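Structure record follows, encoded as structure tokens.
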Amino acid sequence: MDKKIYLSIVVPIYNEEENLPILYKKIKDVIENLFRQEKYKDKTYEIIFVNDGSKDRSWEIIKEIAEKDPHVVGINFRRNFGQTAAMAAGFDKAKGEIIITMDGDLQNDPEDIPKLLEKIDEGYDVVSGWRKDRKDAFLSRTLPSRIANWLISKVTGVHLHDYGCSLKAYKAEVAKSLDYYGEMHRFLPALSKVVGANITEIPVKHHPRIYGKSKYGISRTFKVILDLIWVKFLLDYRNKPLRVFGGFGFLFLIVGFLILLYLTCEKVCLGHSIGNRPLLIFGVLIFLTGINLISTGIIAELIIRTYYESQGKKPYVIKEIIQKNE
């Protein structure tokens, strides 16, 4: 009888030809040793390398490994789509009950995988790695990352020290229920909150990069801020867009109405000319903006309902169903 795949390890790869053979061997050694344990005797694993449009020999190396090892799956993109797309492809292909993600640059340590699985066994749905002793340049990488992590934690309400660490473990039903687009991979723990995931964080090892160049820089901080606005909307207003658009719209409507009421009183009661008053233009603009925002909220509500109803989607994710047999 074929063993059931319990663990899927997803590794996005972009120009990592020197790191790949070393990384594969490290993962293989850790997982083979792990699966000698009694509790994994009827289970197996898979390693999914997703080549995200590499310009070097990364894909050739992945093919060579996959041809020799049946536990390895290689996915090759036609071009570079980004880390989020690579993770999404890995999640879609993964057959394991637990999915672990990690970088392909050897900075994450496969030896931390058993610790992630231990936390999953404790009942957590998402376990995020925390590079407590980070081996990156402070000003260009570590400091911007700390600022971004603090901001993301405050805005989303999911408090983690290190959103940027790719070494994470997910229960498959959680990972496969999330939406993947843009550059949302760093927000996956926060997005997991939407489906009611139980999230925790553990310290993990972090090594300096030996081969290749980092694909990240300080410019990412600004992208994170823009993405964070969208994540906040998804977390709080995904199924109720009228609340945010209508709330601002109602505020603008009231302010505009009060300004116009004040000017009307000046005109009718005091006989003052208001035709050339900038305040009149401002009041009309604010009033119309309020109407437009409320209208946008109503349209967004209709789009949300069309989205769910036309595709048969449900605004919830079921974790478990218990039904007594007659």
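How things are named: the first chain in the structure tokens is A, the next is B, and so on; residues count from 1 in each chain; ligands count from 1 in the order shown.
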
Surrounding residues of Asn80 in chain A excluding itself and chain neighbours under 5 positions, 12 Å, only C-alpha atoms, as a JSON list (two decimals) with N, CA, C and O atoms, in the first residue's frame:
```
[["chain", "number", "residue", "atom", "x", "y", "z"],
["A", 12, "PRO", "N", 10.45, 28.17, -3.34],
["A", 12, "PRO", "CA", 10.58, 29.00, -4.54],
["A", 12, "PRO", "C", 12.06, 29.21, -4.88],
["A", 12, "PRO", "O", 12.87, 29.45, -3.98],
["A", 13, "ILE", "N", 12.39, 29.12, -6.15],
["A", 13, "ILE", "CA", 13.79, 29.24, -6.58],
["A", 13, "ILE", "C", 13.91, 30.31, -7.66],
["A", 13, "ILE", "O", 13.17, 30.31, -8.64],
["A", 14, "TYR", "N", 14.85, 31.22, -7.45],
["A", 14, "TYR", "CA", 15.15, 32.23, -8.48],
["A", 14, "TYR", "C", 16.65, 32.47, -8.48],
["A", 14, "TYR", "O", 17.19, 33.08, -7.56],
["A", 15, "ASN", "N", 17.32, 31.96, -9.50],
["A", 15, "ASN", "CA", 18.77, 32.12, -9.66],
["A", 15, "ASN", "C", 19.55, 31.63, -8.43],
["A", 15, "ASN", "O", 20.28, 32.39, -7.80],
["A", 50, "VAL", "N", 9.99, 25.22, -6.98],
["A", 50, "VAL", "CA", 9.30, 26.03, -7.99],
["A", 50, "VAL", "C", 10.29, 27.00, -8.61],
["A", 50, "VAL", "O", 10.74, 27.94, -7.95],
["A", 51, "ASN", "N", 10.65, 26.77, -9.86],
["A", 51, "ASN", "CA", 11.60, 27.64, -10.54],
["A", 51, "ASN", "C", 10.87, 28.86, -11.10],
["A", 51, "ASN", "O", 10.11, 28.77, -12.05],
["A", 52, "ASP", "N", 11.15, 30.00, -10.49],
["A", 52, "ASP", "CA", 10.42, 31.23, -10.82],
["A", 52, "ASP", "C", 11.15, 32.03, -11.92],
["A", 52, "ASP", "O", 11.58, 33.15, -11.71],
["A", 53, "GLY", "N", 11.29, 31.40, -13.09],
["A", 53, "GLY", "CA", 11.90, 32.09, -14.22],
["A", 53, "GLY", "C", 13.38, 32.39, -14.05],
["A", 53, "GLY", "O", 13.84, 33.47, -14.48],
["A", 54, "SER", "N", 14.13, 31.49, -13.44],
["A", 54, "SER", "CA", 15.57, 31.73, -13.23],
["A", 54, "SER", "C", 16.30, 31.90, -14.56],
["A", 54, "SER", "O", 15.95, 31.28, -15.57],
["A", 55, "LYS", "N", 17.35, 32.73, -14.52],
["A", 55, "LYS", "CA", 18.17, 32.97, -15.71],
["A", 55, "LYS", "C", 19.43, 32.10, -15.73],
["A", 55, "LYS", "O", 20.16, 32.09, -16.71],
["A", 85, "ALA", "N", 3.49, 34.07, -6.34],
["A", 85, "ALA", "CA", 2.99, 33.14, -7.36],
["A", 85, "ALA", "C", 3.67, 31.79, -7.23],
["A", 85, "ALA", "O", 3.04, 30.74, -7.41],
["A", 86, "ALA", "N", 4.97, 31.78, -6.93],
["A", 86, "ALA", "CA", 5.71, 30.53, -6.77],
["A", 86, "ALA", "C", 5.16, 29.73, -5.59],
["A", 86, "ALA", "O", 4.99, 28.50, -5.67]]
```

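The closest residue to Ile27 in chain A, picked from A:Phe81, A:Tyr40, A:Trp130, A:Phe49 and counting only C-alpha atoms, is A:Phe49.
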
From A:Ala94, A:Ile291, A:Leu23, A:Leu34, residue lying nearest Asn108 in chain A [only C-alpha atoms]: A:Leu23

Can you list, as a PyMOL selection string, every protein, DNA or RNA residue that comes within 10 Å of His159 in chain A when you count only C-alpha atoms, leaving out same-chain residues fewer than 5 positions away? chain A and resi 149-154+189-190+199-201

Skip Val126 in chain A itself and residues of its chain fewer than 2 positions away, then list as a list in words all residues within 8 Å of it, counting only C-alpha atoms. Ile120, Tyr124, Ser128, Lys168, Ala169, Tyr170, Lys171, Pro189, Ser192, Ala197, Asn198, Ile199 and Thr200 of chain A

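Between Asn19 in chain A and the candidates A:Gln107, A:Asn292, A:Gln37, A:Thr156, the tightest atom-to-atom separation, counting only C-alpha atoms, involves A:Gln107.
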
All alpha helix (DSSP H) residues (DSSP, backbone) inside range 39-203 of chain A, as a VMD selection string: chain A and resid 58 to 68 83 to 93 113 to 121 143 to 156 172 to 175 188 to 192

To one decimal in Å, tell me the separation between CA of Asp179 in chain A and CA of Gly164 in chain A.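 Between these atoms lies a distance of 18.0 Å.
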
Rounded to one decimal place, report the CA of Leu117 in chain A-CA of Ile75 in chain A distance in Å.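 That distance, rounded to one decimal, is 24.6 Å.
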
Would you mind telling me which residue in A:Ile99, A:Val195, A:Val284, A:Leu228 lies nearest to Ala148 in chain A when using only C-alpha atoms?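 Closest residue, counting only C-alpha atoms: A:Leu228.
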
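For the set A:Asp105, A:Asp56, A:Glu97, A:Glu64, the residue with the smallest atom-to-atom gap to Lys4 in chain A is A:Glu97, counting only C-alpha atoms.
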
Looking at A:Tyr45, A:Tyr163, A:Phe91, A:Tyr211, which one is nearest to Leu191 in chain A, with distances taken over only C-alpha atoms?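 Nearest candidate to Leu191 in chain A out of A:Tyr45, A:Tyr163, A:Phe91, A:Tyr211: A:Tyr163.
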
Can you list, as number ranges by chain, every protein, DNA or RNA residue that comes within 12 Å of Ile281 in chain A when you count only C-alpha atoms, leaving out same-chain residues fewer than 5 positions away? A: 256, 259-260, 263, 274-276, 286-288

Take the selection from the previous step and output its residues with N, CA and C atoms, as a CSV table (one decimal), in the first residue's frame.
```csv
chain,number,residue,atom,x,y,z
A,256,GLY,N,-20.4,68.1,4.3
A,256,GLY,CA,-20.8,68.9,3.2
A,256,GLY,C,-22.2,69.6,3.4
A,259,ILE,N,-21.8,72.5,5.9
A,259,ILE,CA,-21.3,73.7,5.2
A,259,ILE,C,-22.3,74.4,4.4
A,260,LEU,N,-23.0,73.6,3.6
A,260,LEU,CA,-24.1,74.2,2.7
A,260,LEU,C,-25.2,74.8,3.5
A,263,LEU,N,-24.0,78.2,4.8
A,263,LEU,CA,-24.0,79.2,3.7
A,263,LEU,C,-25.4,79.6,3.4
A,274,ILE,N,-23.0,84.6,-1.4
A,274,ILE,CA,-22.2,83.4,-1.3
A,274,ILE,C,-21.7,82.8,-2.6
A,275,GLY,N,-22.1,83.5,-3.7
A,275,GLY,CA,-21.7,82.9,-5.0
A,275,GLY,C,-20.2,82.8,-5.3
A,276,ASN,N,-19.5,83.7,-4.7
A,276,ASN,CA,-18.0,83.7,-5.0
A,276,ASN,C,-17.2,83.2,-3.8
A,286,ILE,N,-17.4,68.3,-1.2
A,286,ILE,CA,-17.5,67.3,-0.1
A,286,ILE,C,-18.8,66.6,-0.1
A,287,PHE,N,-19.9,67.3,-0.3
A,287,PHE,CA,-21.2,66.6,-0.3
A,287,PHE,C,-21.3,65.6,-1.5
A,288,LEU,N,-20.8,66.0,-2.7
A,288,LEU,CA,-20.9,65.0,-3.8
A,288,LEU,C,-19.9,63.9,-3.6
```

DSSP-assigned strand (DSSP E) among range 7-229 of chain A, expressed as a PyMOL selection string: chain A and resi 7-13+43-51+72-76+98-101+126-130+168-171+199-203
